[in-house]
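One file, work31.cif, carrying mmCIF, C-alpha atoms:
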```cif
data_query
loop_
_atom_site.label_atom_id
_atom_site.label_comp_id
_atom_site.auth_asym_id
_atom_site.auth_seq_id
_atom_site.Cartn_x
_atom_site.Cartn_y
_atom_site.Cartn_z
CA MET A 1404 14.34 -24.40 7.53
CA VAL A 1405 15.59 -21.12 8.90
CA VAL A 1406 19.10 -20.57 10.24
CA MET A 1407 19.82 -17.73 12.65
CA THR A 1408 23.60 -17.50 12.79
CA HIS A 1409 23.80 -15.09 15.71
CA ILE A 1410 21.54 -12.70 17.51
CA ASP A 1411 22.96 -9.40 16.26
CA GLY A 1412 20.04 -7.34 15.06
CA ASP A 1413 21.34 -6.94 11.52
CA HIS A 1414 21.14 -10.72 11.04
CA SER A 1415 18.21 -11.73 13.19
CA ARG A 1416 15.59 -8.98 13.06
CA GLY A 1417 14.43 -9.76 9.54
CA LEU A 1418 13.82 -13.34 10.62
CA LEU A 1419 11.11 -12.26 13.08
CA GLU A 1420 8.92 -11.32 10.15
CA VAL A 1421 9.89 -14.50 8.32
CA LEU A 1422 8.71 -16.61 11.27
CA ASP A 1423 5.42 -14.74 11.24
CA ARG A 1424 4.83 -14.98 7.56
CA TYR A 1425 6.05 -18.43 6.60
CA ASP A 1426 5.39 -21.92 7.77
CA VAL A 1427 8.81 -22.71 9.20
CA ALA A 1428 9.44 -26.35 10.05
CA THR A 1429 12.88 -26.09 11.65
CA VAL A 1430 14.80 -23.24 13.25
CA VAL A 1431 18.53 -23.73 13.65
CA VAL A 1432 20.52 -21.40 15.88
CA GLY A 1433 24.17 -21.21 16.74
CA ASP A 1434 24.72 -22.45 20.28
CA ASN A 1435 25.85 -19.05 21.52
CA PRO A 1436 24.90 -16.95 24.52
CA MET A 1437 21.87 -14.70 24.19
CA ASP A 1438 21.10 -12.14 26.80
CA ASP A 1439 19.86 -8.88 25.37
CA GLN A 1440 16.70 -7.32 24.04
CA SER A 1441 17.02 -8.89 20.58
CA SER A 1442 17.28 -12.29 22.22
CA GLN A 1443 14.17 -11.73 24.28
CA GLU A 1444 12.22 -10.62 21.23
CA TRP A 1445 13.49 -13.62 19.29
CA GLN A 1446 12.64 -16.05 22.09
CA ALA A 1447 9.18 -14.55 22.46
CA ARG A 1448 8.55 -15.08 18.76
CA LEU A 1449 9.69 -18.69 18.91
CA ASP A 1450 7.45 -19.29 21.92
CA ARG A 1451 4.46 -17.78 20.19
CA LYS A 1452 4.97 -19.99 17.13
CA HIS A 1453 5.66 -23.04 19.36
CA ILE A 1454 9.04 -23.58 17.75
CA ASP A 1455 11.79 -25.34 19.63
CA PRO A 1456 15.05 -24.26 17.99
CA VAL A 1457 17.81 -26.73 17.23
CA GLU A 1458 21.02 -25.46 18.84
CA VAL A 1459 24.11 -26.49 16.94
CA SER A 1460 27.85 -26.27 17.44
CA ALA A 1461 30.97 -27.22 15.52
CA GLY A 1462 31.12 -30.81 14.32
CA GLN A 1463 27.40 -31.35 13.83
CA VAL A 1464 25.96 -32.18 10.44
CA LEU A 1465 22.41 -31.31 9.44
CA GLU A 1466 20.84 -33.23 6.60
CA VAL A 1467 18.50 -30.93 4.68
CA GLU A 1468 17.49 -33.75 2.35
CA PRO A 1469 19.31 -36.83 1.11
CA GLY A 1470 22.47 -35.58 -0.60
CA VAL A 1471 22.33 -32.04 0.77
CA THR A 1472 23.97 -31.35 4.12
CA LEU A 1473 24.92 -28.39 6.24
CA GLU A 1474 28.12 -28.97 8.22
CA VAL A 1475 28.44 -26.78 11.28
CA LEU A 1476 31.96 -25.30 11.56
CA ASN A 1477 31.24 -22.75 14.29
CA PRO A 1478 30.43 -21.91 17.11
CA ALA A 1479 33.11 -23.95 18.80
CA ALA A 1480 32.28 -26.15 21.77
CA VAL A 1481 34.00 -23.60 23.99
CA PRO A 1482 32.82 -20.15 22.93
CA PHE A 1483 35.30 -17.37 22.25
CA VAL A 1484 35.75 -14.91 25.08
CA GLY A 1485 37.79 -11.76 24.74
CA SER A 1486 38.35 -12.07 20.99
CA GLY A 1487 37.41 -8.45 20.43
CA ALA A 1488 34.09 -9.30 18.81
CA ASP A 1489 32.83 -12.33 20.70
CA ARG A 1490 29.30 -12.20 19.36
CA ASN A 1491 30.49 -12.23 15.79
CA ASN A 1492 33.11 -14.87 16.39
CA ASN A 1493 30.63 -17.18 18.06
CA THR A 1494 28.39 -16.97 15.05
CA GLY A 1495 27.05 -19.97 13.24
CA MET A 1496 29.28 -20.80 10.29
CA LEU A 1497 28.06 -23.41 7.87
CA LEU A 1498 29.41 -25.45 5.01
CA LEU A 1499 26.70 -26.35 2.53
CA VAL A 1500 27.68 -29.60 0.83
CA TYR A 1501 25.97 -30.95 -2.27
CA SER A 1502 27.60 -33.74 -4.23
CA SER A 1503 31.24 -32.73 -4.75
CA VAL A 1504 30.59 -29.00 -4.33
CA SER A 1505 30.52 -27.04 -1.11
CA PHE A 1506 29.74 -23.48 -0.17
CA LEU A 1507 31.08 -21.70 2.89
CA LEU A 1508 28.52 -19.51 4.62
CA ALA A 1509 30.75 -17.59 6.99
CA SER A 1510 28.33 -15.04 8.44
CA ASP A 1511 30.19 -12.45 10.57
CA ILE A 1512 33.18 -14.42 11.66
CA ASP A 1513 36.50 -12.54 11.85
CA ALA A 1514 39.85 -13.54 10.43
CA PHE A 1515 42.05 -15.43 12.85
CA THR A 1516 45.72 -14.91 13.20
CA MET B 1412 -24.19 -16.21 -20.58
CA VAL B 1413 -25.56 -19.26 -18.80
CA VAL B 1414 -22.05 -20.67 -18.63
CA SER B 1415 -20.73 -17.39 -17.21
CA ILE B 1416 -23.34 -17.27 -14.47
CA ALA B 1417 -22.85 -20.94 -13.67
CA ALA B 1418 -19.09 -20.48 -13.43
CA THR B 1419 -19.51 -17.47 -11.15
CA LEU B 1420 -21.98 -19.30 -8.90
CA ALA B 1421 -19.67 -22.27 -8.67
CA THR B 1422 -16.57 -20.32 -7.70
CA TRP B 1423 -17.59 -17.15 -5.84
CA SER B 1424 -17.25 -18.63 -2.36
CA LEU B 1425 -13.70 -19.88 -3.06
CA VAL B 1426 -12.70 -16.50 -4.43
CA ALA B 1427 -14.35 -14.70 -1.52
CA MET B 1428 -12.66 -16.90 1.05
CA ASN B 1429 -9.16 -16.64 -0.35
CA LEU B 1430 -9.12 -13.11 -1.71
CA ASP B 1431 -11.87 -11.50 0.37
CA ARG B 1432 -13.53 -10.14 -2.74
CA LEU B 1433 -16.81 -10.54 -4.51
CA PRO B 1434 -16.04 -11.06 -8.18
CA LEU B 1435 -18.63 -8.66 -9.59
CA SER B 1436 -16.78 -8.38 -12.84
CA SER B 1437 -16.58 -12.12 -13.40
CA ILE B 1438 -19.71 -12.43 -15.54
CA PRO B 1439 -18.56 -9.97 -18.21
CA ALA B 1440 -15.03 -11.31 -17.74
CA THR B 1441 -16.03 -14.89 -18.52
CA LEU B 1442 -17.99 -13.65 -21.55
CA LEU B 1443 -14.87 -11.91 -22.79
CA ALA B 1444 -12.75 -14.92 -21.95
CA LEU B 1445 -14.89 -17.31 -23.97
CA PRO B 1446 -13.37 -16.57 -27.41
CA ALA B 1447 -9.81 -16.71 -26.07
CA MET B 1448 -10.25 -19.81 -23.91
CA PRO B 1449 -9.97 -22.49 -26.64
CA PHE B 1450 -6.65 -21.03 -27.80
CA ILE B 1451 -5.38 -20.78 -24.23
CA LEU B 1452 -6.46 -24.29 -23.25
CA VAL B 1453 -5.05 -25.92 -26.36
CA GLY B 1454 -1.94 -23.74 -26.15
CA VAL B 1455 -1.26 -24.64 -22.53
CA LEU B 1456 -1.85 -28.32 -23.24
CA VAL B 1457 0.49 -28.27 -26.24
CA THR B 1458 3.07 -26.35 -24.19
CA CYS B 1459 2.91 -28.90 -21.38
CA GLY B 1460 3.06 -31.86 -23.74
CA LEU B 1461 5.97 -30.51 -25.77
CA GLY B 1462 7.74 -29.34 -22.61
CA LEU B 1463 7.70 -32.92 -21.35
CA VAL B 1464 9.39 -33.98 -24.60
CA HIS B 1465 11.92 -31.16 -24.67
CA PRO B 1466 12.09 -27.86 -22.71
CA ALA B 1467 12.95 -25.83 -25.82
CA LEU B 1468 9.85 -27.03 -27.70
CA GLY B 1469 7.74 -26.18 -24.68
CA GLN B 1470 9.30 -22.73 -24.55
CA ILE B 1471 8.33 -21.99 -28.16
CA ALA B 1472 4.76 -23.21 -27.62
CA GLY B 1473 4.71 -21.16 -24.42
CA TRP B 1474 5.53 -17.96 -26.31
CA LEU B 1475 2.67 -18.63 -28.73
CA THR B 1476 0.27 -19.29 -25.86
CA PHE B 1477 1.39 -16.13 -24.12
CA VAL B 1478 -0.29 -13.94 -26.76
CA PRO B 1479 -3.96 -14.86 -26.14
CA LEU B 1480 -3.32 -15.35 -22.43
CA SER B 1481 -1.70 -11.97 -21.81
CA SER B 1482 -4.26 -10.12 -23.91
CA LEU B 1483 -7.04 -11.79 -21.91
CA LEU B 1484 -5.42 -10.91 -18.60
CA GLY B 1485 -4.93 -7.32 -19.73
CA LEU B 1486 -8.56 -7.09 -20.71
CA VAL B 1487 -9.86 -8.58 -17.48
CA SER B 1488 -7.64 -6.46 -15.26
CA SER B 1489 -8.96 -3.34 -16.96
CA LEU B 1490 -12.49 -4.19 -15.78
CA PRO B 1491 -13.88 -2.29 -12.78
CA ALA B 1492 -12.57 -3.31 -9.37
CA THR B 1493 -14.25 -5.89 -7.17
CA ARG B 1494 -15.97 -5.36 -3.84
CA THR B 1495 -14.20 -6.14 -0.59
CA LEU B 1496 -16.22 -8.18 1.86
CA GLY B 1497 -14.44 -8.05 5.20
CA HIS B 1498 -13.34 -11.64 5.81
CA TRP B 1499 -16.64 -12.99 7.10
CA ILE B 1500 -16.60 -15.80 4.59
CA GLY B 1501 -14.74 -18.78 6.00
CA THR B 1502 -14.61 -22.49 5.49
CA PRO B 1503 -18.11 -23.16 6.96
CA VAL B 1504 -19.79 -20.84 4.44
CA MET B 1505 -17.88 -22.45 1.61
CA VAL B 1506 -18.71 -25.98 2.70
CA ALA B 1507 -22.37 -25.02 3.08
CA TRP B 1508 -22.42 -23.46 -0.39
CA TYR B 1509 -20.88 -26.47 -2.11
CA GLY B 1510 -23.12 -28.77 -0.10
CA LEU B 1511 -26.09 -26.86 -1.48
CA LEU B 1512 -24.76 -27.10 -5.04
CA ALA B 1513 -24.11 -30.83 -4.64
CA ALA B 1514 -27.62 -31.33 -3.24
CA LEU B 1515 -29.07 -29.56 -6.29
CA LEU B 1516 -27.25 -32.04 -8.51
CA PHE B 1517 -29.09 -34.93 -6.91
CA VAL B 1518 -32.58 -33.51 -7.16
CA PRO B 1519 -34.68 -36.41 -8.57
CA GLY B 1520 -34.87 -36.44 -12.33
CA ARG B 1521 -31.86 -34.16 -12.66
CA VAL B 1522 -29.47 -36.96 -13.58
CA ALA B 1523 -31.79 -38.32 -16.26
CA ARG B 1524 -32.22 -34.83 -17.72
CA ALA B 1525 -28.44 -34.37 -17.85
CA GLN B 1526 -28.07 -37.59 -19.81
CA GLY B 1527 -30.82 -36.43 -22.16
CA THR B 1528 -28.94 -33.16 -22.70
CA ALA B 1529 -25.73 -35.01 -23.52
CA VAL B 1530 -27.48 -37.15 -26.12
CA ARG B 1531 -29.20 -34.08 -27.64
CA LEU B 1532 -25.84 -32.29 -27.73
CA ILE B 1533 -24.23 -35.13 -29.64
CA SER B 1534 -27.19 -35.23 -32.05
CA ALA B 1535 -26.87 -31.49 -32.57
CA VAL B 1536 -23.17 -31.83 -33.35
CA ASN B 1537 -23.99 -34.58 -35.83
CA HIS B 1538 -26.62 -32.37 -37.44
CA THR B 1539 -24.14 -29.53 -37.82
CA PHE B 1540 -21.81 -31.76 -39.71
CA GLY B 1541 -24.70 -32.72 -41.98
CA GLU B 1542 -24.72 -36.37 -41.11
CA PRO B 1543 -27.90 -38.26 -40.34
CA VAL B 1544 -28.44 -39.06 -36.68
CA ARG B 1545 -27.66 -42.70 -36.41
CA HIS B 1546 -26.96 -44.85 -33.43
CA GLU B 1547 -23.49 -45.98 -34.49
CA ASN B 1548 -22.55 -42.38 -35.24
CA GLN B 1549 -23.39 -41.40 -31.68
CA GLN B 1550 -21.34 -44.29 -30.49
CA ARG B 1551 -18.36 -43.09 -32.48
CA TRP B 1552 -18.66 -39.59 -30.99
CA LEU B 1553 -18.89 -41.01 -27.52
CA TRP B 1554 -15.72 -43.02 -28.04
CA GLY B 1555 -14.06 -39.89 -29.35
CA PHE B 1556 -14.92 -38.05 -26.17
CA VAL B 1557 -13.75 -40.93 -24.02
CA PHE B 1558 -10.46 -41.08 -25.91
CA LEU B 1559 -9.96 -37.33 -25.55
CA ALA B 1560 -10.72 -37.46 -21.84
CA LEU B 1561 -8.25 -40.29 -21.31
CA ALA B 1562 -5.56 -38.46 -23.28
CA LEU B 1563 -6.04 -35.32 -21.17
CA LEU B 1564 -5.98 -37.40 -17.99
CA GLY B 1565 -2.75 -39.05 -19.12
CA ILE B 1566 -1.02 -35.75 -19.84
CA SER B 1567 -2.09 -34.21 -16.56
CA LEU B 1568 -0.92 -37.26 -14.60
CA ALA B 1569 2.45 -37.08 -16.35
CA LEU B 1570 2.69 -33.40 -15.46
CA TRP B 1571 1.86 -33.90 -11.79
CA PHE B 1572 4.32 -36.76 -11.62
CA GLN B 1573 6.95 -34.41 -13.01
CA VAL B 1574 6.02 -31.74 -10.47
CA PHE B 1575 6.29 -34.04 -7.45
CA GLN B 1576 9.08 -36.38 -8.52
CA GLY B 1577 11.09 -34.43 -11.01
CA THR B 1578 14.21 -32.57 -10.06
CA ASP B 1579 16.69 -30.83 -12.30
CA GLY B 1580 19.43 -31.58 -9.77
CA LYS B 1581 20.19 -27.90 -9.31
CA LEU B 1582 20.75 -26.18 -5.99
CA PRO B 1583 20.14 -22.49 -6.49
CA GLY B 1584 21.29 -20.06 -3.83
CA TYR B 1585 19.83 -16.59 -3.73
CA PHE B 1586 21.93 -13.97 -2.02
CA LEU B 1587 19.29 -11.44 -1.07
CA ASP B 1588 20.21 -7.80 -0.86
CA VAL B 1589 18.87 -6.83 2.56
CA GLY B 1590 21.02 -3.78 3.13
CA GLN B 1591 23.29 -4.72 6.01
CA SER B 1592 24.53 -8.23 6.90
CA ASP B 1593 23.44 -11.20 4.83
CA SER B 1594 20.47 -13.26 3.81
CA ILE B 1595 20.91 -16.41 1.81
CA LEU B 1596 18.09 -18.51 0.50
CA ILE B 1597 19.04 -22.01 -0.61
CA VAL B 1598 16.55 -24.15 -2.49
CA THR B 1599 17.42 -27.84 -2.60
CA PRO B 1600 16.79 -30.00 -5.68
CA ARG B 1601 13.65 -31.38 -4.04
CA GLY B 1602 12.35 -27.96 -3.15
CA LYS B 1603 13.30 -27.60 0.51
CA GLN B 1604 14.06 -24.00 1.38
CA VAL B 1605 16.77 -22.96 3.80
CA LEU B 1606 17.06 -19.33 4.80
CA VAL B 1607 20.26 -18.22 6.55
CA ASP B 1608 19.79 -14.90 8.33
CA CYS B 1609 17.57 -12.15 7.11
CA GLY B 1610 18.95 -8.67 7.47
CA PRO B 1611 18.24 -5.91 9.96
CA ASN B 1612 14.66 -4.91 9.16
CA LEU B 1613 11.33 -6.57 9.68
CA THR B 1614 10.62 -6.08 6.00
CA SER B 1615 14.08 -7.09 4.78
CA ALA B 1616 13.07 -10.19 2.90
CA THR B 1617 9.32 -10.07 2.93
CA GLY B 1618 9.01 -6.72 1.20
CA PHE B 1619 7.01 -7.19 -1.96
CA GLY B 1620 8.63 -6.67 -5.30
CA ARG B 1621 11.96 -8.16 -4.36
CA PRO B 1622 13.08 -10.88 -6.71
CA HIS B 1623 13.42 -14.45 -5.50
CA VAL B 1624 11.40 -14.00 -2.35
CA PRO B 1625 8.75 -16.69 -2.24
CA HIS B 1626 5.36 -15.50 -1.04
CA GLY B 1627 4.31 -18.63 0.77
CA GLY B 1628 4.95 -22.27 1.44
CA ALA B 1629 7.11 -24.13 3.89
CA ALA B 1630 10.61 -23.08 4.83
#
```
For the structure just supplied, provide its representation as structure tokens.
Amino acid sequence: MVVMTHIDGDHSRGLLEVLDRYDVATVVVGDNPMDDQSSQEWQARLDRKHIDPVEVSAGQVLEVEPGVTLEVLNPAAVPFVGSGADRNNNTGMLLLVYSSVSFLLASDIDAFT
Amino acid sequence: MVVSIAATLATWSLVAMNLDRLPLSSIPATLLALPAMPFILVGVLVTCGLGLVHPALGQIAGWLTFVPLSSLLGLVSSLPATRTLGHWIGTPVMVAWYGLLAALLFVPGRVARAQGTAVRLISAVNHTFGEPVRHENQQRWLWGFVFLALALLGISLALWFQVFQGTDGKLPGYFLDVGQSDSILIVTPRGKQVLVDCGPNLTSATGFGRPHVPHGGAA
């Protein structure tokens, strides 16, 4: 499984090569707007590999295997507009939960006041 | 020498298909390997067996096995390089080659001769140990072989069971240094791999030599 939190090149470009090189079963992307060159490149790669990405938003829970889940905390159902760094703030933020332990994978999200 | 050539003939197409190389050095390599092989085979077996009992025991046996194994690998890798073929060998060639080998096995009279060889081999072993060739003696040797084969089968089944079923319950996360931004590889207890983001460059995570970057498999 590959997770692309948001389309900013510094997060997503390396994944292009990963899609080429590995046998990726599932691609999860934050349900956030994509409209630039990186997005087109990314979409073209998905098309070529016949991968239909799973778009997620806050509240969804992905089960990686029994006992290991990824809870989606962001992007919110209504994306941020005018937050100063909308792309970063609409990133995919995940909580990896295993047994009684959890790990916050916050990506590029900003602090909120 | 016969064994070396036979081993080379039996494996060249597999090697050529997967690595695109003709193993020219394999005949001298197998000759060199022959003295080290018994130690390696027994060592690996003991390592596996003890490792199933307790990881620490397996670790100690593993260190002992490492000596003949690493010296063999060093020796073989110092042999002259192999020839590159150019990817013309695919699955059809391989299937054809093994088909041919299998057909040779079933040439009439071949099976009977093989049985004759086995009996002669057992007699020869008996001779070496200075015992007269007697029927019941052969029987005992045969049972010995059968027992050994079953024991090996048992150990290997236990190992494969461990590989497919076993889990240490750990959930390692590798935070890969990809320069800018992040790249996190999570491996679940049952071996599922989740990669979150992958840095800014096409070679961020797939560059060779980086630790913890798997070179294949499903993600």
Using the chain letters and numbers from this file, what does the PyMOL selection byres ((chain A and resi 1502-1511) around 10) select? Give the answer as a PyMOL selection string.
(chain A and resi 1407-1409+1411+1414+1470-1477+1488+1490-1501+1512-1514) or (chain B and resi 1584+1592-1595+1607-1608)
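Nearest-residue note for Thr1502 (chain B): choosing from B:Asn1548, B:Ser1424, B:Ser1489, B:Ser1481, the minimum distance belongs to B:Ser1424, counting only C-alpha atoms.
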List the residues selected by the PyMOL selection byres ((chain B and resi 1458) around 8) in the file shown, writing them as a ChimeraX atom specification.
/B:1454-1457,1459-1462,1468-1473,1476
Give me, as a list in words, all polymer residues having an atom no more than 6 Å from region 1452-1463 of chain A, counting all atoms listed in the file and skipping those fewer than 4 positions away in the same chain.
Val1430, Val1431, Val1432, Gly1433, Asp1434, Val1475, Leu1476, Asn1477, Pro1478 and Ala1479 of chain A
Starting from the displayed file, determine the output of the PyMOL selection byres ((chain A and resi 1418) around 10) and express the residue list as a PyMOL selection string.
(chain A and resi 1405-1407+1412-1417+1419-1424+1445+1448) or (chain B and resi 1594+1606-1617)
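Taking CA of Arg1601 (chain B) and CA of Val1464 (chain B) as the two end points, the separation is 21.2 Å.
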By how many Å are CA of Gly1565 (chain B) and CA of Ala1421 (chain B) apart?
26.0 Å
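Here CA of Ala1447 (chain A) stands at a distance of 21.8 Å from CA of Val1605 (chain B).
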For chain B, the closest of A:Leu1449, A:Val1467, A:Ser1441, A:Ala1480 counting all atoms listed in the file is A:Val1467
Using only C-alpha atoms, which of A:Gln1440, A:Ser1486, A:Thr1429, A:Gln1446 sits nearest chain B?
A:Thr1429
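Nearest to Lys1581 (chain B) of all the residues B:Ile1566, B:Val1598, B:Ala1467, B:Leu1515 is B:Val1598, based on all atoms listed in the file.
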